[in-house]
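start_25.cif follows (mmCIF, C-alpha atoms):
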```cif
data_run
loop_
_atom_site.group_PDB
_atom_site.id
_atom_site.type_symbol
_atom_site.label_atom_id
_atom_site.label_comp_id
_atom_site.auth_asym_id
_atom_site.auth_seq_id
_atom_site.Cartn_x
_atom_site.Cartn_y
_atom_site.Cartn_z
ATOM 1 C CA MET Q 1 4.683 -11.801 5.056
ATOM 2 C CA ALA Q 2 2.894 -8.681 3.840
ATOM 3 C CA ASN Q 3 -0.869 -8.747 3.582
ATOM 4 C CA TRP Q 4 -1.942 -7.664 0.078
ATOM 5 C CA THR Q 5 -4.842 -5.534 1.350
ATOM 6 C CA HIS Q 6 -2.055 -3.353 2.845
ATOM 7 C CA ALA Q 7 0.852 -4.141 0.508
ATOM 8 C CA GLY Q 8 -1.072 -3.180 -2.667
ATOM 9 C CA PRO Q 9 -2.125 0.287 -1.427
ATOM 10 C CA SER Q 10 1.329 0.720 0.233
ATOM 11 C CA ILE Q 11 3.128 0.134 -3.067
ATOM 12 C CA LEU Q 12 0.645 2.383 -4.883
ATOM 13 C CA ALA Q 13 0.930 5.195 -2.300
ATOM 14 C CA ALA Q 14 4.749 5.055 -2.297
ATOM 15 C CA PHE Q 15 4.891 4.844 -6.115
ATOM 16 C CA LEU Q 16 2.501 7.746 -6.797
ATOM 17 C CA ALA Q 17 3.893 10.019 -4.063
ATOM 18 C CA SER Q 18 7.456 9.315 -5.205
ATOM 19 C CA LEU Q 19 6.516 9.936 -8.835
ATOM 20 C CA VAL Q 20 5.242 13.431 -7.979
ATOM 21 C CA GLU Q 21 8.253 14.298 -5.822
ATOM 22 C CA PHE Q 22 10.865 12.876 -8.208
ATOM 23 C CA VAL Q 23 9.320 14.750 -11.158
ATOM 24 C CA GLU Q 24 9.668 18.006 -9.173
ATOM 25 C CA ALA Q 25 13.266 17.159 -8.236
ATOM 26 C CA MET Q 26 14.106 16.181 -11.823
ATOM 27 C CA THR Q 27 12.949 19.590 -13.117
ATOM 28 C CA VAL Q 28 15.611 21.315 -11.005
ATOM 29 C CA VAL Q 29 18.314 18.694 -11.676
ATOM 30 C CA LEU Q 30 17.691 19.094 -15.435
ATOM 31 C CA ALA Q 31 17.969 22.874 -15.102
ATOM 32 C CA VAL Q 32 21.223 22.512 -13.120
ATOM 33 C CA GLY Q 33 22.615 20.088 -15.727
ATOM 34 C CA ALA Q 34 21.652 22.302 -18.662
ATOM 35 C CA VAL Q 35 23.058 25.529 -17.164
ATOM 36 C CA ARG Q 36 25.981 24.466 -14.940
ATOM 37 C CA GLY Q 37 26.948 21.061 -16.383
ATOM 38 C CA TRP Q 38 25.924 17.464 -15.821
ATOM 39 C CA ARG Q 39 28.871 16.454 -13.639
ATOM 40 C CA GLY Q 40 27.825 18.653 -10.708
ATOM 41 C CA ALA Q 41 24.094 18.052 -11.248
ATOM 42 C CA LEU Q 42 24.434 14.259 -11.172
ATOM 43 C CA ALA Q 43 26.935 14.343 -8.285
ATOM 44 C CA GLY Q 44 24.575 16.493 -6.171
ATOM 45 C CA ALA Q 45 21.533 14.365 -6.990
ATOM 46 C CA GLY Q 46 23.471 11.134 -6.356
ATOM 47 C CA LEU Q 47 24.767 12.417 -3.009
ATOM 48 C CA GLY Q 48 21.227 13.426 -1.995
ATOM 49 C CA GLY Q 49 19.898 10.019 -3.056
ATOM 50 C CA ALA Q 50 22.575 8.236 -1.004
ATOM 51 C CA VAL Q 51 21.732 10.265 2.140
ATOM 52 C CA LEU Q 52 18.014 9.517 1.671
ATOM 53 C CA LEU Q 53 18.669 5.805 1.168
ATOM 54 C CA ALA Q 54 20.781 5.768 4.339
ATOM 55 C CA LEU Q 55 17.902 7.414 6.232
ATOM 56 C CA VAL Q 56 15.473 4.681 5.103
ATOM 57 C CA LEU Q 57 17.943 1.906 5.933
ATOM 58 C CA ILE Q 58 18.680 3.334 9.398
ATOM 59 C CA LEU Q 59 15.248 4.608 10.467
ATOM 60 C CA GLY Q 60 13.125 1.789 8.996
ATOM 61 C CA PRO Q 61 14.663 -1.105 10.997
ATOM 62 C CA ALA Q 62 15.164 1.161 14.068
ATOM 63 C CA LEU Q 63 11.397 1.694 14.295
ATOM 64 C CA SER Q 64 10.820 -2.058 14.430
ATOM 65 C CA GLY Q 65 12.110 -2.013 18.037
ATOM 66 C CA ILE Q 66 9.195 0.185 19.184
ATOM 67 C CA PRO Q 67 6.001 -1.580 20.438
ATOM 68 C CA ILE Q 68 3.510 -1.794 17.570
ATOM 69 C CA GLY Q 69 0.557 -0.022 19.292
ATOM 70 C CA PRO Q 70 2.276 3.301 20.128
ATOM 71 C CA LEU Q 71 4.172 3.124 16.810
ATOM 72 C CA GLN Q 72 0.924 2.766 14.826
ATOM 73 C CA LEU Q 73 -0.693 5.651 16.724
ATOM 74 C CA ALA Q 74 2.342 7.921 16.221
ATOM 75 C CA LEU Q 75 2.841 7.048 12.532
ATOM 76 C CA GLY Q 76 -0.929 7.201 11.902
ATOM 77 C CA THR Q 77 -1.038 10.696 13.433
ATOM 78 C CA LEU Q 78 1.925 11.866 11.332
ATOM 79 C CA LEU Q 79 0.412 10.303 8.192
ATOM 80 C CA LEU Q 80 -2.861 12.121 8.876
ATOM 81 C CA LEU Q 81 -1.122 15.485 9.420
ATOM 82 C CA PHE Q 82 0.891 14.961 6.226
ATOM 83 C CA GLY Q 83 -1.829 13.329 4.097
ATOM 84 C CA MET Q 84 -4.705 15.648 5.087
ATOM 85 C CA ARG Q 85 -2.511 18.700 4.415
ATOM 86 C CA TRP Q 86 -1.647 17.230 1.014
ATOM 87 C CA LEU Q 87 -5.275 16.302 0.198
ATOM 88 C CA ARG Q 88 -6.601 19.722 1.316
ATOM 89 C CA LYS Q 89 -4.174 21.428 -1.070
ATOM 90 C CA ALA Q 90 -5.111 19.035 -3.927
ATOM 91 C CA ILE Q 91 -8.825 19.742 -3.281
ATOM 92 C CA LEU Q 92 -8.232 23.519 -3.431
ATOM 93 C CA ARG Q 93 -6.195 23.088 -6.641
ATOM 94 C CA ALA Q 94 -8.872 20.863 -8.229
ATOM 95 C CA ALA Q 95 -11.510 23.482 -7.333
ATOM 96 C CA GLY Q 96 -9.417 26.217 -8.978
ATOM 97 C CA ILE Q 97 -8.832 28.083 -5.695
ATOM 98 C CA ILE Q 98 -5.030 27.849 -5.815
ATOM 99 C CA PRO Q 99 -3.015 27.541 -9.056
ATOM 100 C CA LEU Q 100 -1.765 24.197 -10.374
ATOM 101 C CA HIS Q 101 1.973 23.468 -10.150
ATOM 102 C CA ASP Q 102 3.612 24.182 -13.535
ATOM 103 C CA GLU Q 103 6.832 22.193 -14.154
ATOM 104 C CA ALA Q 104 7.695 24.102 -17.355
ATOM 105 C CA ALA Q 105 7.448 27.445 -15.520
ATOM 106 C CA ALA Q 106 9.462 26.042 -12.580
ATOM 107 C CA TYR Q 107 12.191 24.960 -15.045
ATOM 108 C CA VAL Q 108 12.367 28.437 -16.620
ATOM 109 C CA ARG Q 109 12.580 30.087 -13.161
ATOM 110 C CA GLU Q 110 15.328 27.699 -12.054
ATOM 111 C CA VAL Q 111 17.363 28.241 -15.235
ATOM 112 C CA ALA Q 112 17.165 32.031 -14.721
ATOM 113 C CA THR Q 113 18.299 31.706 -11.082
ATOM 114 C CA LEU Q 114 21.212 29.415 -11.981
ATOM 115 C CA ARG Q 115 22.369 31.690 -14.817
ATOM 116 C CA GLY Q 116 22.654 34.511 -12.297
ATOM 117 C CA SER Q 117 24.669 32.532 -9.758
ATOM 118 C CA GLY Q 118 28.221 33.302 -10.899
ATOM 119 C CA ARG Q 119 30.875 31.725 -13.083
ATOM 120 C CA ILE Q 120 30.999 27.960 -13.510
ATOM 121 C CA ALA Q 121 33.999 26.627 -11.605
ATOM 122 C CA ALA Q 122 36.481 24.320 -13.288
ATOM 123 C CA GLY Q 123 36.262 20.764 -11.873
ATOM 124 C CA TRP Q 124 33.517 20.269 -9.306
ATOM 125 C CA ASP Q 125 31.009 23.132 -9.446
ATOM 126 C CA ARG Q 126 29.801 23.780 -5.898
ATOM 127 C CA VAL Q 127 26.720 25.711 -7.046
ATOM 128 C CA ALA Q 128 25.582 22.799 -9.230
ATOM 129 C CA ILE Q 129 26.264 20.168 -6.572
ATOM 130 C CA GLY Q 130 24.567 22.269 -3.872
ATOM 131 C CA ALA Q 131 21.450 23.009 -5.946
ATOM 132 C CA ALA Q 132 20.989 19.389 -7.075
ATOM 133 C CA PHE Q 133 21.684 18.047 -3.566
ATOM 134 C CA LYS Q 134 19.234 20.462 -1.937
ATOM 135 C CA ILE Q 135 16.317 19.722 -4.275
ATOM 136 C CA THR Q 136 16.917 15.958 -4.003
ATOM 137 C CA MET Q 137 16.835 16.232 -0.200
ATOM 138 C CA VAL Q 138 13.817 18.574 -0.063
ATOM 139 C CA GLU Q 139 11.651 16.447 -2.377
ATOM 140 C CA GLY Q 140 13.139 13.123 -1.291
ATOM 141 C CA ILE Q 141 12.558 13.626 2.435
ATOM 142 C CA GLU Q 142 8.800 13.454 1.762
ATOM 143 C CA VAL Q 143 9.332 10.158 -0.068
ATOM 144 C CA VAL Q 144 11.415 8.850 2.849
ATOM 145 C CA PHE Q 145 8.679 9.811 5.311
ATOM 146 C CA ILE Q 146 5.954 8.121 3.245
ATOM 147 C CA VAL Q 147 8.002 4.939 2.720
ATOM 148 C CA ILE Q 148 8.892 4.712 6.416
ATOM 149 C CA ALA Q 149 5.431 5.661 7.720
ATOM 150 C CA VAL Q 150 3.501 3.410 5.339
ATOM 151 C CA GLY Q 151 6.097 0.656 5.570
ATOM 152 C CA SER Q 152 6.753 0.568 9.315
ATOM 153 C CA ALA Q 153 3.218 0.655 10.710
ATOM 154 C CA GLY Q 154 2.379 -2.760 9.277
ATOM 155 C CA GLN Q 155 4.359 -5.992 9.307
ATOM 156 C CA GLY Q 156 6.555 -6.568 6.248
ATOM 157 C CA LEU Q 157 5.441 -3.419 4.416
ATOM 158 C CA LEU Q 158 8.770 -1.552 4.347
ATOM 159 C CA LEU Q 159 10.081 -3.551 1.386
ATOM 160 C CA PRO Q 160 6.915 -3.204 -0.774
ATOM 161 C CA ALA Q 161 6.751 0.543 -0.017
ATOM 162 C CA GLY Q 162 10.477 0.915 -0.821
ATOM 163 C CA LEU Q 163 10.018 -0.975 -4.080
ATOM 164 C CA GLY Q 164 7.146 1.338 -5.015
ATOM 165 C CA ALA Q 165 9.414 4.367 -4.486
ATOM 166 C CA LEU Q 166 12.290 2.776 -6.431
ATOM 167 C CA ALA Q 167 9.959 1.961 -9.347
ATOM 168 C CA ALA Q 168 8.905 5.633 -9.426
ATOM 169 C CA LEU Q 169 12.552 6.746 -9.369
ATOM 170 C CA ALA Q 170 13.348 4.417 -12.284
ATOM 171 C CA ALA Q 171 10.336 5.689 -14.258
ATOM 172 C CA VAL Q 172 11.288 9.349 -13.713
ATOM 173 C CA VAL Q 173 14.980 8.796 -14.540
ATOM 174 C CA LEU Q 174 14.022 6.965 -17.752
ATOM 175 C CA LEU Q 175 11.617 9.768 -18.672
ATOM 176 C CA GLY Q 176 14.314 12.351 -17.960
ATOM 177 C CA LEU Q 177 16.835 10.508 -20.134
ATOM 178 C CA ALA Q 178 14.295 10.195 -22.951
ATOM 179 C CA LEU Q 179 12.903 13.736 -22.846
ATOM 180 C CA HIS Q 180 15.815 15.940 -21.624
ATOM 181 C CA ARG Q 181 13.190 18.442 -20.452
ATOM 182 C CA PRO Q 182 10.752 18.695 -17.528
ATOM 183 C CA VAL Q 183 7.862 16.251 -17.461
ATOM 184 C CA ALA Q 184 5.101 18.855 -17.724
ATOM 185 C CA SER Q 185 2.343 16.639 -19.050
ATOM 186 C CA ILE Q 186 1.696 14.309 -16.092
ATOM 187 C CA PRO Q 187 -1.585 15.020 -14.270
ATOM 188 C CA GLU Q 188 0.273 16.126 -11.156
ATOM 189 C CA ASN Q 189 -2.701 17.318 -9.140
ATOM 190 C CA ALA Q 190 -4.684 14.142 -9.891
ATOM 191 C CA LEU Q 191 -1.694 12.148 -8.579
ATOM 192 C CA LYS Q 192 -1.465 14.338 -5.464
ATOM 193 C CA PHE Q 193 -5.217 13.928 -4.942
ATOM 194 C CA ALA Q 194 -4.889 10.133 -5.144
ATOM 195 C CA VAL Q 195 -1.859 10.054 -2.825
ATOM 196 C CA GLY Q 196 -3.629 12.308 -0.325
ATOM 197 C CA VAL Q 197 -6.627 9.935 -0.271
ATOM 198 C CA LEU Q 198 -4.369 6.887 0.231
ATOM 199 C CA LEU Q 199 -2.330 8.527 3.009
ATOM 200 C CA CYS Q 200 -5.471 9.698 4.835
ATOM 201 C CA ALA Q 201 -6.915 6.170 4.639
ATOM 202 C CA PHE Q 202 -3.685 4.594 5.943
ATOM 203 C CA GLY Q 203 -3.299 7.260 8.636
ATOM 204 C CA THR Q 204 -6.853 6.726 9.901
ATOM 205 C CA PHE Q 205 -6.443 2.947 9.888
ATOM 206 C CA TRP Q 206 -3.100 2.950 11.719
ATOM 207 C CA ALA Q 207 -4.226 5.608 14.224
ATOM 208 C CA GLY Q 208 -7.375 3.566 14.927
ATOM 209 C CA GLU Q 209 -5.322 0.385 15.316
ATOM 210 C CA GLY Q 210 -3.000 2.218 17.702
ATOM 211 C CA MET Q 211 -6.022 3.358 19.752
ATOM 212 C CA GLY Q 212 -7.182 -0.252 19.974
ATOM 213 C CA LEU Q 213 -10.311 0.240 17.816
ATOM 214 C CA ALA Q 214 -11.821 -2.855 16.156
ATOM 215 C CA TRP Q 215 -12.108 -2.105 12.434
ATOM 216 C CA PRO Q 216 -15.135 -3.830 10.855
ATOM 217 C CA GLY Q 217 -13.779 -6.415 8.408
ATOM 218 C CA GLY Q 218 -10.239 -6.000 9.782
ATOM 219 C CA ASP Q 219 -7.753 -5.126 7.029
ATOM 220 C CA TRP Q 220 -10.589 -4.825 4.510
ATOM 221 C CA SER Q 221 -11.457 -1.512 6.154
ATOM 222 C CA VAL Q 222 -8.517 0.032 4.270
ATOM 223 C CA PRO Q 223 -10.249 -0.069 0.837
ATOM 224 C CA GLY Q 224 -13.410 1.181 2.571
ATOM 225 C CA LEU Q 225 -11.501 4.138 4.061
ATOM 226 C CA ILE Q 226 -9.937 4.877 0.659
ATOM 227 C CA ALA Q 227 -13.428 4.987 -0.896
ATOM 228 C CA GLY Q 228 -14.728 7.098 2.003
ATOM 229 C CA PHE Q 229 -11.984 9.738 1.757
ATOM 230 C CA LEU Q 230 -12.314 9.786 -2.048
ATOM 231 C CA VAL Q 231 -16.050 10.525 -1.846
ATOM 232 C CA VAL Q 232 -15.528 13.198 0.840
ATOM 233 C CA ALA Q 233 -12.720 14.828 -1.183
ATOM 234 C CA LEU Q 234 -14.739 14.888 -4.422
ATOM 235 C CA LEU Q 235 -17.780 16.346 -2.643
ATOM 236 C CA THR Q 236 -15.517 18.934 -0.990
ATOM 237 C CA VAL Q 237 -14.169 20.025 -4.392
ATOM 238 C CA ARG Q 238 -17.776 20.764 -5.446
ATOM 239 C CA ALA Q 239 -18.477 22.562 -2.174
ATOM 240 C CA CYS Q 240 -15.314 24.669 -2.596
ATOM 241 C CA ARG Q 241 -16.324 25.668 -6.138
ATOM 242 C CA ALA Q 242 -19.782 26.641 -4.896
ATOM 243 C CA ARG Q 243 -18.269 28.605 -1.978
ATOM 244 C CA ARG Q 244 -15.895 30.452 -4.308
ATOM 245 C CA ALA Q 245 -18.779 31.265 -6.678
ATOM 246 C CA VAL Q 246 -20.804 32.699 -3.785
ATOM 247 C CA ALA Q 247 -17.789 34.653 -2.445
ATOM 248 C CA GLY Q 248 -17.002 35.938 -5.994
ATOM 249 C CA GLY Q 249 -20.642 36.984 -6.531
ATOM 250 C CA ALA Q 250 -20.762 38.852 -3.235
ATOM 251 C CA ALA Q 251 -17.521 40.771 -3.933
ATOM 252 C CA MET F 252 22.762 26.971 13.758
ATOM 253 C CA SER F 253 20.722 28.678 11.048
ATOM 254 C CA TRP F 254 20.831 25.591 8.810
ATOM 255 C CA LEU F 255 19.580 23.484 11.724
ATOM 256 C CA ARG F 256 16.680 25.894 12.264
ATOM 257 C CA SER F 257 15.966 25.923 8.539
ATOM 258 C CA THR F 258 16.005 22.078 8.379
ATOM 259 C CA ALA F 259 13.709 21.860 11.419
ATOM 260 C CA GLY F 260 11.380 24.354 9.731
ATOM 261 C CA GLU F 261 11.369 22.287 6.520
ATOM 262 C CA VAL F 262 10.543 19.091 8.425
ATOM 263 C CA LEU F 263 7.783 20.793 10.437
ATOM 264 C CA GLY F 264 6.414 22.219 7.186
ATOM 265 C CA LEU F 265 5.834 18.659 5.930
ATOM 266 C CA PHE F 266 3.121 18.272 8.558
ATOM 267 C CA VAL F 267 1.888 21.769 9.356
ATOM 268 C CA ASP F 268 1.159 24.635 6.994
ATOM 269 C CA ASP F 269 -2.172 25.704 8.516
ATOM 270 C CA THR F 270 -1.815 25.648 12.299
ATOM 271 C CA GLY F 271 -5.564 25.582 12.987
ATOM 272 C CA PHE F 272 -6.062 22.625 10.626
ATOM 273 C CA ALA F 273 -3.185 20.634 12.166
ATOM 274 C CA LEU F 274 -4.412 21.420 15.699
ATOM 275 C CA ALA F 275 -7.958 20.310 14.830
ATOM 276 C CA ILE F 276 -6.594 16.936 13.598
ATOM 277 C CA LEU F 277 -4.477 16.471 16.745
ATOM 278 C CA VAL F 278 -7.303 17.473 19.102
ATOM 279 C CA TRP F 279 -9.754 15.125 17.333
ATOM 280 C CA LEU F 280 -7.305 12.203 17.490
ATOM 281 C CA ALA F 281 -6.632 12.852 21.181
ATOM 282 C CA ALA F 282 -10.374 13.119 21.905
ATOM 283 C CA ALA F 283 -11.063 9.880 20.002
ATOM 284 C CA TRP F 284 -8.211 8.049 21.726
ATOM 285 C CA LEU F 285 -9.146 9.170 25.228
ATOM 286 C CA GLY F 286 -12.942 9.479 24.861
ATOM 287 C CA LEU F 287 -14.185 6.643 22.640
ATOM 288 C CA PRO F 288 -13.366 3.752 25.031
ATOM 289 C CA TRP F 289 -15.542 5.414 27.729
ATOM 290 C CA LEU F 290 -18.656 5.642 25.574
ATOM 291 C CA HIS F 291 -19.354 1.865 25.421
ATOM 292 C CA LEU F 292 -20.606 2.062 21.833
ATOM 293 C CA PRO F 293 -21.242 -0.919 19.495
ATOM 294 C CA PRO F 294 -17.852 -2.077 18.063
ATOM 295 C CA ALA F 295 -18.472 -0.645 14.575
ATOM 296 C CA ALA F 296 -19.265 2.855 15.861
ATOM 297 C CA PRO F 297 -15.860 4.140 17.121
ATOM 298 C CA PRO F 298 -14.044 3.620 13.772
ATOM 299 C CA ALA F 299 -16.919 5.343 11.960
ATOM 300 C CA ILE F 300 -16.800 8.252 14.444
ATOM 301 C CA LEU F 301 -13.008 8.546 14.010
ATOM 302 C CA PHE F 302 -13.358 8.664 10.201
ATOM 303 C CA GLY F 303 -16.378 11.001 10.311
ATOM 304 C CA GLY F 304 -14.564 13.572 12.464
ATOM 305 C CA LEU F 305 -11.495 13.584 10.224
ATOM 306 C CA ALA F 306 -13.649 13.890 7.084
ATOM 307 C CA LEU F 307 -15.507 16.817 8.648
ATOM 308 C CA ILE F 308 -12.254 18.592 9.606
ATOM 309 C CA LEU F 309 -10.924 18.156 6.056
ATOM 310 C CA ALA F 310 -14.096 19.381 4.352
ATOM 311 C CA ASP F 311 -14.594 22.309 6.739
ATOM 312 C CA SER F 312 -10.998 23.507 6.410
ATOM 313 C CA ALA F 313 -11.014 23.266 2.588
ATOM 314 C CA VAL F 314 -14.363 25.055 2.227
ATOM 315 C CA ARG F 315 -13.219 27.800 4.622
ATOM 316 C CA GLY F 316 -10.014 28.098 2.562
ATOM 317 C CA ALA F 317 -12.099 28.466 -0.605
ATOM 318 C CA GLY F 318 -14.053 31.346 0.915
ATOM 319 C CA ARG F 319 -10.947 33.355 1.906
#
```
Would you put the structure from the file into C-alpha cells?
Amino acid sequence: MANWTHAGPSILAAFLASLVEFVEAMTVVLAVGAVRGWRGALAGAGLGGAVLLALVLILGPALSGIPIGPLQLALGTLLLLFGMRWLRKAILRAAGIIPLHDEAAAYVREVATLRGSGRIAAGWDRVAIGAAFKITMVEGIEVVFIVIAVGSAGQGLLLPAGLGALAALAAVVLLGLALHRPVASIPENALKFAVGVLLCAFGTFWAGEGMGLAWPGGDWSVPGLIAGFLVVALLTVRACRARRAVAGGAA
Amino acid sequence: MSWLRSTAGEVLGLFVDDTGFALAILVWLAAAWLGLPWLHLPPAAPPAILFGGLALILADSAVRGAGR
C-alpha cells in the first residue's frame, strides 16, 4: 500500500512533468496534423505512445526484482542528475538568463519545416508518422523515466505515478481537441521549476535511503526536502539576477 | 548504427548537459555514501550534509551560469 507522504508528491511530480512534456509533444503533433494530415499524425503519436507504455510495463515490474537499497541509490542518483539539471535550467529561465520556451513559436517553426518536406503521400504519409512518432518518443521518454524512477524506488508507487502521467495525458489531449492550436498560455517554466524541486527532493531522499542514512521524521523528510530545495532555488534565482546585473554593468 | 548512437546521445542528454555539474553531483554522492558512515556524526547530521552539498552544487552552478 502506498504511503501518502510519497504517493501525493509522486502523483504531483508525474502529473506536472508529464503535462509539460505532453504539451511540447502536442505542439508538434498539431503541426503535423495541420500540414500533413491527421491520419499520419495520430498514427505516429499512437505508435509512440504504445512503445512508451510497453517500456513502463516491462521496465517497472523488472526493477522490482532488484534489492531495494541499491535500487534506491541508483534511481536516486539518476533522479538527482535529471532533476537538478531541470531545476538549474528553470532557475536560469526564471532569472531571465536563458529565454523561456515559446510553444507558439515552436509551432510556427515546425509548420515551416513540415511544409518543406516534400509532397504528401497518398495513404500512410511516412513523414507525418515519423515526425509524430519521434516527438512522442523524445518527450515521452522523460515521462517514462520519471514514472519509473519515482514509482519504483518506493513500494506501491508505480501505479500512482502512472496515474499522474495518464491524467496529464488526458488533460493535454482534451485541451488539444478543444483548442486545435498549441497550448501557449500555461506557465511552463513555473511547472518545470516545481517539477525540478520535486525530483530533487525525491532524488535526495531515495539516494539517502540507499546509502542507509536515517532521515529525521522518516517519510516526513520528503516535504521538508521539497521546502528546502524550493527555498534554495528561489534564493538562487535572486543571486543569478544579481550576478547578471553585475556582469552586465562590468561589460 | 547511427540511430543507435543518436538514441544513446538522447538518453545521456536527459541526465547530462553540463559535464562539470553532473560530475559534481556524482562526486558528492559518492563522497557522502563512502565518507559519512566513517564520521560518526549524530543521526540527523548526515542527511542534512547530503542535502546541503547538493543545494550548494545547484546554487553554485546556476550562479556561475548566470555570470557567463
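The residues that lie within 10 Å of the point (-1.0, 6.9, 16.6), counting all atoms listed in the file, are Ile68, Gly69, Pro70, Leu71, Gln72, Leu73, Ala74, Leu75, Gly76, Thr77, Leu78, Leu79, Leu80, Ala153, Gly203, Thr204, Phe205, Trp206, Ala207, Gly208, Glu209, Gly210 and Met211 of chain Q; Leu280, Ala281 and Trp284 of chain F.
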Please save C-alpha atoms of the selected residues as a PDB file, in the coordinates of the input.
```
ATOM      1  CA  ILE Q  68       3.510  -1.794  17.570  1.00  0.00           C
ATOM      2  CA  GLY Q  69       0.557  -0.022  19.292  1.00  0.00           C
ATOM      3  CA  PRO Q  70       2.276   3.301  20.128  1.00  0.00           C
ATOM      4  CA  LEU Q  71       4.172   3.124  16.810  1.00  0.00           C
ATOM      5  CA  GLN Q  72       0.924   2.766  14.826  1.00  0.00           C
ATOM      6  CA  LEU Q  73      -0.693   5.651  16.724  1.00  0.00           C
ATOM      7  CA  ALA Q  74       2.342   7.921  16.221  1.00  0.00           C
ATOM      8  CA  LEU Q  75       2.841   7.048  12.532  1.00  0.00           C
ATOM      9  CA  GLY Q  76      -0.929   7.201  11.902  1.00  0.00           C
ATOM     10  CA  THR Q  77      -1.038  10.696  13.433  1.00  0.00           C
ATOM     11  CA  LEU Q  78       1.925  11.866  11.332  1.00  0.00           C
ATOM     12  CA  LEU Q  79       0.412  10.303   8.192  1.00  0.00           C
ATOM     13  CA  LEU Q  80      -2.861  12.121   8.876  1.00  0.00           C
ATOM     14  CA  ALA Q 153       3.218   0.655  10.710  1.00  0.00           C
ATOM     15  CA  GLY Q 203      -3.299   7.260   8.636  1.00  0.00           C
ATOM     16  CA  THR Q 204      -6.853   6.726   9.901  1.00  0.00           C
ATOM     17  CA  PHE Q 205      -6.443   2.947   9.888  1.00  0.00           C
ATOM     18  CA  TRP Q 206      -3.100   2.950  11.719  1.00  0.00           C
ATOM     19  CA  ALA Q 207      -4.226   5.608  14.224  1.00  0.00           C
ATOM     20  CA  GLY Q 208      -7.375   3.566  14.927  1.00  0.00           C
ATOM     21  CA  GLU Q 209      -5.322   0.385  15.316  1.00  0.00           C
ATOM     22  CA  GLY Q 210      -3.000   2.218  17.702  1.00  0.00           C
ATOM     23  CA  MET Q 211      -6.022   3.358  19.752  1.00  0.00           C
TER      24      MET Q 211
ATOM     25  CA  LEU F 280      -7.305  12.203  17.490  1.00  0.00           C
ATOM     26  CA  ALA F 281      -6.632  12.852  21.181  1.00  0.00           C
ATOM     27  CA  TRP F 284      -8.211   8.049  21.726  1.00  0.00           C
TER      28      TRP F 284
END
```
Original post:
What do you get, as a PyMOL selection string, if you spell out every residue that the PyMOL selection byres ((chain F and resi 301) around 12) selects here?
Top reply: (chain Q and resi 80+200-201+203-209+211+213-215+225) or (chain F and resi 276-287+295-300+302-308)
Subject >> Contact residues around segment 126-131 of chain Q with all atoms listed in the file at 6 Å, ignoring same-chain residues under 6 positions, as a VMD selection string >> reply: chain Q and resid 32 36 40 to 41 44
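Closest approach to Val267 of chain F from the set Q:Ala62, Q:Leu81, Q:Val195, Q:Ile91 is made by Q:Leu81, with distances taken over all atoms listed in the file.
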**OP:** Run the PyMOL selection byres ((chain Q and resi 144-151) around 7) mentally over the shown coordinates, then write out the matched residues as an MDAnalysis selection string, using the chain letters and numbers from the document.
**Re:** chainID Q and resid 10 14 52 56 60 75 79 140:143 152:154 157:158 161:162
Just to be explicit: take each residue in the selection above, keep C-alpha atoms, and write the result as a compact mmCIF listing (two decimals), in the coordinates of the input.
```txt
# COMPACT_ATOMS: atom_id res chain seq x y z
CA SER Q 10 1.33 0.72 0.23
CA ALA Q 14 4.75 5.06 -2.30
CA LEU Q 52 18.01 9.52 1.67
CA VAL Q 56 15.47 4.68 5.10
CA GLY Q 60 13.12 1.79 9.00
CA LEU Q 75 2.84 7.05 12.53
CA LEU Q 79 0.41 10.30 8.19
CA GLY Q 140 13.14 13.12 -1.29
CA ILE Q 141 12.56 13.63 2.44
CA GLU Q 142 8.80 13.45 1.76
CA VAL Q 143 9.33 10.16 -0.07
CA SER Q 152 6.75 0.57 9.32
CA ALA Q 153 3.22 0.66 10.71
CA GLY Q 154 2.38 -2.76 9.28
CA LEU Q 157 5.44 -3.42 4.42
CA LEU Q 158 8.77 -1.55 4.35
CA ALA Q 161 6.75 0.54 -0.02
CA GLY Q 162 10.48 0.92 -0.82
```
Original post:
Mind pulling up the distance from atom CA of Gly48 of chain Q to atom CA of Met137 of chain Q?
Top reply: 5.5 Å
Original post:
What are the residues of chain F that have an atom within 6 Å of an atom of chain Q, counting all atoms listed in the file, as a PyMOL selection string?
Top reply: chain F and resi 266+284+295+310+313-314+317-318
Selection export as a PDB file, keeping the file's coordinate frame, atoms kept: C-alpha atoms:
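Below you can see again_31.pdb, which holds the result:
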```
ATOM      1  CA  PHE F 266       3.121  18.272   8.558  1.00  0.00           C
ATOM      2  CA  TRP F 284      -8.211   8.049  21.726  1.00  0.00           C
ATOM      3  CA  ALA F 295     -18.472  -0.645  14.575  1.00  0.00           C
ATOM      4  CA  ALA F 310     -14.096  19.381   4.352  1.00  0.00           C
ATOM      5  CA  ALA F 313     -11.014  23.266   2.588  1.00  0.00           C
ATOM      6  CA  VAL F 314     -14.363  25.055   2.227  1.00  0.00           C
ATOM      7  CA  ALA F 317     -12.099  28.466  -0.605  1.00  0.00           C
ATOM      8  CA  GLY F 318     -14.053  31.346   0.915  1.00  0.00           C
TER       9      GLY F 318
END
```
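Considering all atoms listed in the file, the residue among Q:Pro61, Q:Leu114, Q:Val29, Q:Gly218 positioned nearest to Leu159 of chain Q is Q:Pro61.
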Original post:
How many Å lie between atom CA of Ala104 of chain Q and atom CA of Lys192 of chain Q, rounded to one decimal?
Top reply: 17.9 Å
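Residues captured in this structure file are Leu12, Ala13, Ala14, Phe15, Leu16, Ser18, Leu19, Val20, Glu21, Phe22, Glu142, Val143, Ile146, Ala165, Ala168, Leu191, Lys192, Ala194, Val195 and Gly196 of chain Q, according to the PyMOL selection byres ((chain Q and resi 17) around 9).
As for atom CA of Pro9 of chain Q and atom CA of Leu169 of chain Q, they are spaced 17.9 Å apart.
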Step by step, gather every atom of segment 88-106 of chain Q that the file lists, find the box along x, y and z that holds them, add 3 Å on each side, and finally give centre and edge lengths in Å to one decimal, as JSON.
```
{"center_x": -1.0, "center_y": 23.6, "center_z": -8.0, "size_x": 27.0, "size_y": 15.0, "size_z": 24.7}
```
